[in-house]
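> Starting off with a structure, shown below.
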Amino acid sequence: MTRIAVFVSGGGTNLQALIDARRRGELSGGELSLVIASSAKAYALTRAAENGIPSAVVNRKECRAVGEGEFDRRLCALLEEYRIDLVVLAGYLSILSENVTRRYSGRILNIHPALIPSFCGPGFYGLHVHEAALARGVKVTGATVHFVNEVCDGGPILLQKAVLVEDGDTPETLQRRVMEQAEWELLPKAVGLYCAGRITLTDGTARVLPEE
Ligand code: GRF
C-alpha cells in the first residue's frame, strides 16, 4: 500500500479531489497518510482534519529563523516518520530544494494549472498562470501532472488535459474551469496510476503502462 503525503498551501481543492477519489476506491490502494501545509492558514488543513488525515505545518519563514537547512530537515523528518512513499504537491507554493527532490526522485508529483511548457516556471502559480494565458490570448489551456525534479515545473510530464478558454473569461473563471475540468480529474488519475504501478520513468520520460 502506497503511503502518500500531500503538500498544500491554499484552499485544498486538489487535496479534496484526492480525498473523494480515495473514498471512491480510485487510488489503487494508496493511503493519504499525511498533509503538510506551508502555512497554518491553509484551509486544506481543515479538509485534512475533517477526513482524519494527520497534518503538520512546515513554514519556510519560521524554519529560516531556526537556521539554515531547518526547512528541509523538518520536511524529511516528517516524511520518514510517516514512512511516505509518494509526495503529491497540490496547490503547494514553496519550492522544494534539491535535497528533497533528489531524495524522493521519481516519487514527487505536481499539478500545474497550464499545459507545460506554456506558462510555467518561477512566478507562474495560482492566478498568475491564468492571467498570463489570457494576456497571450491562447484559445486552449489546461493542466499538467508532472514529476518534480530540481527544475521548477521542469520534470517529466505524465498527464495533460486541455481546457477551452471562453470569451469574457477572467483569471478567476478560467482558473475555476481548469480546476473543475482538468486538475481535479488528472491528479487523482495520476496518483491512482502510480499506486497501481502503471507508470514508468525512463531517461526522463514518463509513460503510462496499459491496463493488464
Ligand atoms: C490553484 O491555483 C490551482 O490551480 C493550483 O494551485 C492553486 C490552489 O489549489 N494547482 P488548491 O485549491 O489549494 O488545491
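Labels for the C-alpha cells follow display order: chains A, B, ..., residues from 1 in each chain, ligands from 1.
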Mind dumping a table of every chain A residue within 7 Å of ligand 1, with the nearest atom pair and its distance in Å to one decimal, using only C-alpha atoms and all ligand atoms, sorted by chain and rising number, as a tab-separated table?


residue	atom	partner	partner_atom_place_in_ligand_line	distance
A:Val8	CA	ligand 1	13 (O)	6.1
A:Ser9	CA	ligand 1	13 (O)	5.9
A:Gly10	CA	ligand 1	13 (O)	4.0
A:Gly11	CA	ligand 1	13 (O)	4.0
A:Gly12	CA	ligand 1	13 (O)	3.6
A:Thr13	CA	ligand 1	12 (O)	3.7
A:Asn14	CA	ligand 1	14 (O)	3.6
A:Leu15	CA	ligand 1	14 (O)	5.8
A:Ala44	CA	ligand 1	13 (O)	6.7
A:Ala90	CA	ligand 1	14 (O)	5.0
A:Gly91	CA	ligand 1	6 (O)	3.2
A:Tyr92	CA	ligand 1	6 (O)	6.5
A:Ile111	CA	ligand 1	10 (N)	5.5
A:His112	CA	ligand 1	10 (N)	5.4
A:Pro113	CA	ligand 1	4 (O)	4.7
A:Tyr125	CA	ligand 1	2 (O)	6.4
A:Gly126	CA	ligand 1	2 (O)	3.4
A:Leu127	CA	ligand 1	2 (O)	5.8
A:Gln175	CA	ligand 1	4 (O)	6.0
A:Met179	CA	ligand 1	4 (O)	5.8
A:Glu183	CA	ligand 1	10 (N)	7.0

> Taking 5 positions as the minimum chain separation for residues in the same chain, which residues sit within 12 Å of Pro117 in chain A when counting only C-alpha atoms? Answer as a PyMOL selection string.

chain A and resi 112+124+129+141-146+152-157+160

> Take the residues that were just selected and, keeping all heavy atoms, output them as a compact mmCIF listing (two decimals), in the first residue's frame.


# COMPACT_ATOMS: atom_id res chain seq x y z
N HIS A 112 0.14 21.28 -12.26
CA HIS A 112 0.36 22.67 -12.66
C HIS A 112 -0.82 23.10 -13.53
O HIS A 112 -1.20 22.37 -14.46
CB HIS A 112 1.68 22.81 -13.44
CG HIS A 112 1.96 24.23 -13.83
ND1 HIS A 112 2.35 25.19 -12.92
CD2 HIS A 112 1.87 24.85 -15.02
CE1 HIS A 112 2.50 26.35 -13.54
NE2 HIS A 112 2.20 26.17 -14.82
N PHE A 124 5.04 31.58 -12.08
CA PHE A 124 3.78 31.10 -12.67
C PHE A 124 3.11 30.14 -11.67
O PHE A 124 3.31 28.93 -11.70
CB PHE A 124 4.05 30.38 -14.00
CG PHE A 124 4.37 31.32 -15.13
CD1 PHE A 124 5.69 31.52 -15.51
CD2 PHE A 124 3.37 32.03 -15.78
CE1 PHE A 124 6.01 32.39 -16.54
CE2 PHE A 124 3.69 32.92 -16.82
CZ PHE A 124 5.01 33.10 -17.19
N VAL A 129 -0.87 32.30 -13.51
CA VAL A 129 -0.83 31.41 -14.68
C VAL A 129 -1.95 31.78 -15.65
O VAL A 129 -1.72 31.96 -16.85
CB VAL A 129 -0.99 29.93 -14.24
CG1 VAL A 129 -1.10 29.01 -15.44
CG2 VAL A 129 0.15 29.52 -13.32
N THR A 141 -6.09 26.13 -22.93
CA THR A 141 -5.08 25.96 -21.87
C THR A 141 -5.37 24.60 -21.24
O THR A 141 -5.85 23.70 -21.93
CB THR A 141 -5.14 27.13 -20.86
OG1 THR A 141 -4.08 26.95 -19.91
CG2 THR A 141 -6.47 27.23 -20.13
N GLY A 142 -5.06 24.43 -19.96
CA GLY A 142 -5.33 23.12 -19.36
C GLY A 142 -4.50 22.91 -18.12
O GLY A 142 -4.07 23.87 -17.47
N ALA A 143 -4.24 21.65 -17.81
CA ALA A 143 -3.44 21.32 -16.61
C ALA A 143 -2.49 20.17 -16.95
O ALA A 143 -2.70 19.41 -17.90
CB ALA A 143 -4.35 20.92 -15.46
N THR A 144 -1.43 20.10 -16.15
CA THR A 144 -0.38 19.10 -16.35
C THR A 144 -0.03 18.46 -15.01
O THR A 144 0.13 19.17 -14.01
CB THR A 144 0.91 19.79 -16.88
OG1 THR A 144 0.64 20.48 -18.09
CG2 THR A 144 2.03 18.76 -17.08
N VAL A 145 0.08 17.15 -14.99
CA VAL A 145 0.70 16.46 -13.84
C VAL A 145 2.08 16.02 -14.30
O VAL A 145 2.23 15.43 -15.37
CB VAL A 145 -0.11 15.24 -13.38
CG1 VAL A 145 0.61 14.52 -12.22
CG2 VAL A 145 -1.51 15.65 -12.94
N HIS A 146 3.08 16.39 -13.51
CA HIS A 146 4.46 16.03 -13.90
C HIS A 146 5.24 15.59 -12.67
O HIS A 146 4.88 15.92 -11.51
CB HIS A 146 5.16 17.22 -14.57
CG HIS A 146 5.34 18.42 -13.67
ND1 HIS A 146 6.48 18.66 -12.94
CD2 HIS A 146 4.47 19.43 -13.36
CE1 HIS A 146 6.34 19.77 -12.25
NE2 HIS A 146 5.13 20.25 -12.48
N CYS A 152 12.17 24.03 -11.64
CA CYS A 152 10.78 24.42 -11.33
C CYS A 152 9.88 24.09 -12.52
O CYS A 152 10.07 24.59 -13.62
CB CYS A 152 10.75 25.92 -11.02
SG CYS A 152 9.09 26.54 -10.71
N ASP A 153 8.90 23.21 -12.30
CA ASP A 153 7.94 22.77 -13.34
C ASP A 153 8.66 22.10 -14.52
O ASP A 153 8.13 22.06 -15.64
CB ASP A 153 7.13 23.96 -13.88
CG ASP A 153 6.20 24.52 -12.80
OD1 ASP A 153 5.82 23.76 -11.89
OD2 ASP A 153 5.90 25.73 -12.86
N GLY A 154 9.87 21.57 -14.26
CA GLY A 154 10.67 21.04 -15.37
C GLY A 154 10.73 19.52 -15.43
O GLY A 154 11.40 18.96 -16.31
N GLY A 155 10.10 18.81 -14.53
CA GLY A 155 10.21 17.35 -14.51
C GLY A 155 9.39 16.68 -15.61
O GLY A 155 8.60 17.34 -16.29
N PRO A 156 9.60 15.37 -15.80
CA PRO A 156 8.90 14.62 -16.86
C PRO A 156 7.38 14.75 -16.75
O PRO A 156 6.82 14.57 -15.67
CB PRO A 156 9.33 13.17 -16.61
CG PRO A 156 10.64 13.28 -15.88
CD PRO A 156 10.53 14.52 -15.03
N ILE A 157 6.75 15.04 -17.89
CA ILE A 157 5.29 15.21 -17.93
C ILE A 157 4.63 13.83 -17.92
O ILE A 157 5.06 12.93 -18.63
CB ILE A 157 4.89 16.00 -19.20
CG1 ILE A 157 5.34 17.46 -19.06
CG2 ILE A 157 3.37 15.93 -19.43
CD1 ILE A 157 5.18 18.29 -20.33
N GLN A 160 -1.71 15.28 -19.23
CA GLN A 160 -2.17 16.63 -19.53
C GLN A 160 -3.61 16.56 -20.03
O GLN A 160 -4.04 15.55 -20.59
CB GLN A 160 -1.29 17.29 -20.63
CG GLN A 160 0.14 17.55 -20.17
CD GLN A 160 0.92 18.42 -21.14
OE1 GLN A 160 1.12 18.06 -22.29
NE2 GLN A 160 1.39 19.57 -20.64

> Determine the nearest neighbour of Gly30 in chain A from the options A:Val87, A:Ala206, A:Val191, A:Leu134, counting only C-alpha atoms.

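Distance minimum relative to Gly30 in chain A lands on A:Val191.
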
> Would you kindly return, as a VMD selection string, each protein, DNA or RNA residue with an atom no farther than 9 Å from any atom of Leu32 in chain A, considering only C-alpha atoms and excluding same-chain residues fewer than 3 positions away?

chain A and resid 2 to 6 18 to 19 22 35 53 to 54

> Can I get the selection written as a compact mmCIF listing (two decimals), in the first residue's frame, with C-alpha atoms?


# COMPACT_ATOMS: atom_id res chain seq x y z
CA THR A 2 1.48 3.34 -1.08
CA ARG A 3 1.70 5.89 1.73
CA ILE A 4 1.04 9.36 0.30
CA ALA A 5 1.90 12.81 1.70
CA VAL A 6 0.02 15.74 0.14
CA LEU A 18 -7.79 13.09 -3.79
CA ILE A 19 -9.88 12.50 -0.66
CA ARG A 22 -9.84 7.64 -2.22
CA VAL A 35 -0.84 16.52 4.81
CA ILE A 53 -5.68 12.77 7.92
CA PRO A 54 -2.70 13.74 10.16

> Which is closest to Lys41 in chain A among A:Val88, A:Ala17, A:Cys76, A:Ala56, if we use only C-alpha atoms?

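Checking each of A:Val88, A:Ala17, A:Cys76, A:Ala56 against Lys41 in chain A, counting only C-alpha atoms, the winner is A:Ala56.
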
> For Val140 in chain A, please output as a JSON list (two decimals) with all heavy atoms, in the first residue's frame all residues within 10 Å (counting only C-alpha atoms; exclusion window: fewer than 4 positions along the same chain).


[["chain", "number", "residue", "atom", "x", "y", "z"],
["A", 114, "ALA", "N", -1.53, 24.67, -16.15],
["A", 114, "ALA", "CA", -1.35, 25.07, -17.55],
["A", 114, "ALA", "C", -0.76, 23.88, -18.31],
["A", 114, "ALA", "O", -0.39, 22.88, -17.70],
["A", 114, "ALA", "CB", -0.39, 26.27, -17.66],
["A", 115, "LEU", "N", -0.69, 24.00, -19.64],
["A", 115, "LEU", "CA", -0.12, 22.91, -20.44],
["A", 115, "LEU", "C", 1.39, 23.18, -20.56],
["A", 115, "LEU", "O", 1.84, 23.89, -21.46],
["A", 115, "LEU", "CB", -0.80, 22.86, -21.81],
["A", 115, "LEU", "CG", -2.30, 22.51, -21.79],
["A", 115, "LEU", "CD1", -2.89, 22.60, -23.20],
["A", 115, "LEU", "CD2", -2.53, 21.12, -21.20],
["A", 133, "ALA", "N", -2.07, 33.45, -19.48],
["A", 133, "ALA", "CA", -2.73, 32.76, -20.59],
["A", 133, "ALA", "C", -3.72, 33.71, -21.29],
["A", 133, "ALA", "O", -3.73, 33.80, -22.52],
["A", 133, "ALA", "CB", -3.47, 31.52, -20.06],
["A", 134, "LEU", "N", -4.47, 34.46, -20.49],
["A", 134, "LEU", "CA", -5.44, 35.41, -21.07],
["A", 134, "LEU", "C", -4.70, 36.55, -21.78],
["A", 134, "LEU", "O", -5.08, 36.96, -22.87],
["A", 134, "LEU", "CB", -6.36, 35.96, -19.99],
["A", 134, "LEU", "CG", -7.36, 34.94, -19.40],
["A", 134, "LEU", "CD1", -8.09, 35.52, -18.19],
["A", 134, "LEU", "CD2", -8.35, 34.48, -20.47],
["A", 162, "ALA", "N", -6.55, 19.33, -21.94],
["A", 162, "ALA", "CA", -6.82, 20.67, -22.48],
["A", 162, "ALA", "C", -8.17, 21.18, -22.00],
["A", 162, "ALA", "O", -9.10, 20.40, -21.78],
["A", 162, "ALA", "CB", -6.81, 20.61, -24.01],
["A", 163, "VAL", "N", -8.24, 22.49, -21.84],
["A", 163, "VAL", "CA", -9.48, 23.16, -21.43],
["A", 163, "VAL", "C", -9.65, 24.39, -22.31],
["A", 163, "VAL", "O", -8.69, 25.14, -22.53],
["A", 163, "VAL", "CB", -9.41, 23.59, -19.94],
["A", 163, "VAL", "CG1", -10.61, 24.44, -19.55],
["A", 163, "VAL", "CG2", -9.29, 22.37, -19.03],
["A", 164, "LEU", "N", -10.85, 24.62, -22.84],
["A", 164, "LEU", "CA", -11.09, 25.76, -23.72],
["A", 164, "LEU", "C", -11.15, 27.06, -22.93],
["A", 164, "LEU", "O", -11.74, 27.11, -21.85],
["A", 164, "LEU", "CB", -12.41, 25.58, -24.48],
["A", 164, "LEU", "CG", -12.45, 24.48, -25.55],
["A", 164, "LEU", "CD1", -13.85, 24.39, -26.17],
["A", 164, "LEU", "CD2", -11.39, 24.75, -26.62],
["A", 165, "VAL", "N", -10.55, 28.11, -23.49],
["A", 165, "VAL", "CA", -10.70, 29.45, -22.94],
["A", 165, "VAL", "C", -11.97, 30.02, -23.58],
["A", 165, "VAL", "O", -12.20, 29.82, -24.77],
["A", 165, "VAL", "CB", -9.50, 30.33, -23.30],
["A", 165, "VAL", "CG1", -9.67, 31.75, -22.73],
["A", 165, "VAL", "CG2", -8.21, 29.71, -22.76],
["A", 166, "GLU", "N", -12.83, 30.66, -22.77],
["A", 166, "GLU", "CA", -14.09, 31.17, -23.32],
["A", 166, "GLU", "C", -14.07, 32.70, -23.37],
["A", 166, "GLU", "O", -13.41, 33.35, -22.57],
["A", 166, "GLU", "CB", -15.26, 30.65, -22.47],
["A", 166, "GLU", "CG", -15.43, 29.13, -22.62],
["A", 166, "GLU", "CD", -16.57, 28.57, -21.76],
["A", 166, "GLU", "OE1", -17.29, 29.37, -21.15],
["A", 166, "GLU", "OE2", -16.69, 27.33, -21.70]]

> Applying 7 Å and only C-alpha atoms, which residues near range 95-102 of chain A remain after dropping the ones on its own chain fewer than 3 positions away? List them as a PyMOL selection string.

chain A and resi 72+105+148-150

> Between CA of Leu158 in chain A and CA of Val208 in chain A, what distance in Å does the model show, to one decimal?

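So the answer is 7.6 Å.
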
> Here is a test: counting only C-alpha atoms, which residue of A:Ser38, A:Gly204, A:Thr46, A:Leu187 is nearest to Lys61 in chain A?

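Closest residue, counting only C-alpha atoms: A:Ser38.
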
> As number ranges by chain, please: every residue in range 27-121 of chain A that DSSP puts in alpha helix (DSSP H).

A: 44-50, 60-66, 70-81, 98-103

> Near Cys195 in chain A, within 9 Å and counting only C-alpha atoms, which residues show up once chain neighbours fewer than 6 positions away are dropped, as a short mmCIF file (atom, residue, chain, number, x, y, z; two decimals) with N, CA and C atoms, in the first residue's frame?


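This is the output file out.cif:
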data_model
loop_
_atom_site.label_atom_id
_atom_site.label_comp_id
_atom_site.auth_asym_id
_atom_site.auth_seq_id
_atom_site.Cartn_x
_atom_site.Cartn_y
_atom_site.Cartn_z
N MET A 1 0.85 -1.18 0.00
CA MET A 1 0.00 0.00 0.00
C MET A 1 0.90 1.24 0.00
N THR A 2 0.64 2.14 -0.93
CA THR A 2 1.48 3.34 -1.08
C THR A 2 1.04 4.41 -0.07
N LEU A 27 -7.84 5.19 -5.84
CA LEU A 27 -6.40 5.47 -5.69
C LEU A 27 -5.59 4.18 -5.65
N SER A 28 -6.19 3.08 -6.14
CA SER A 28 -5.46 1.80 -6.25
C SER A 28 -4.74 1.44 -4.95
N GLY A 29 -5.42 1.65 -3.85
CA GLY A 29 -4.83 1.23 -2.57
C GLY A 29 -3.95 2.28 -1.93
N GLY A 30 -3.75 3.42 -2.61
CA GLY A 30 -2.91 4.46 -1.99
C GLY A 30 -3.61 5.03 -0.77
N LEU A 86 5.17 8.36 -1.55
CA LEU A 86 4.88 9.25 -2.67
C LEU A 86 4.49 10.63 -2.13
#

> Would you mind reading off the distance between CA of Ala190 in chain A and CA of Thr205 in chain A, one decimal, in Å?

14.8 Å
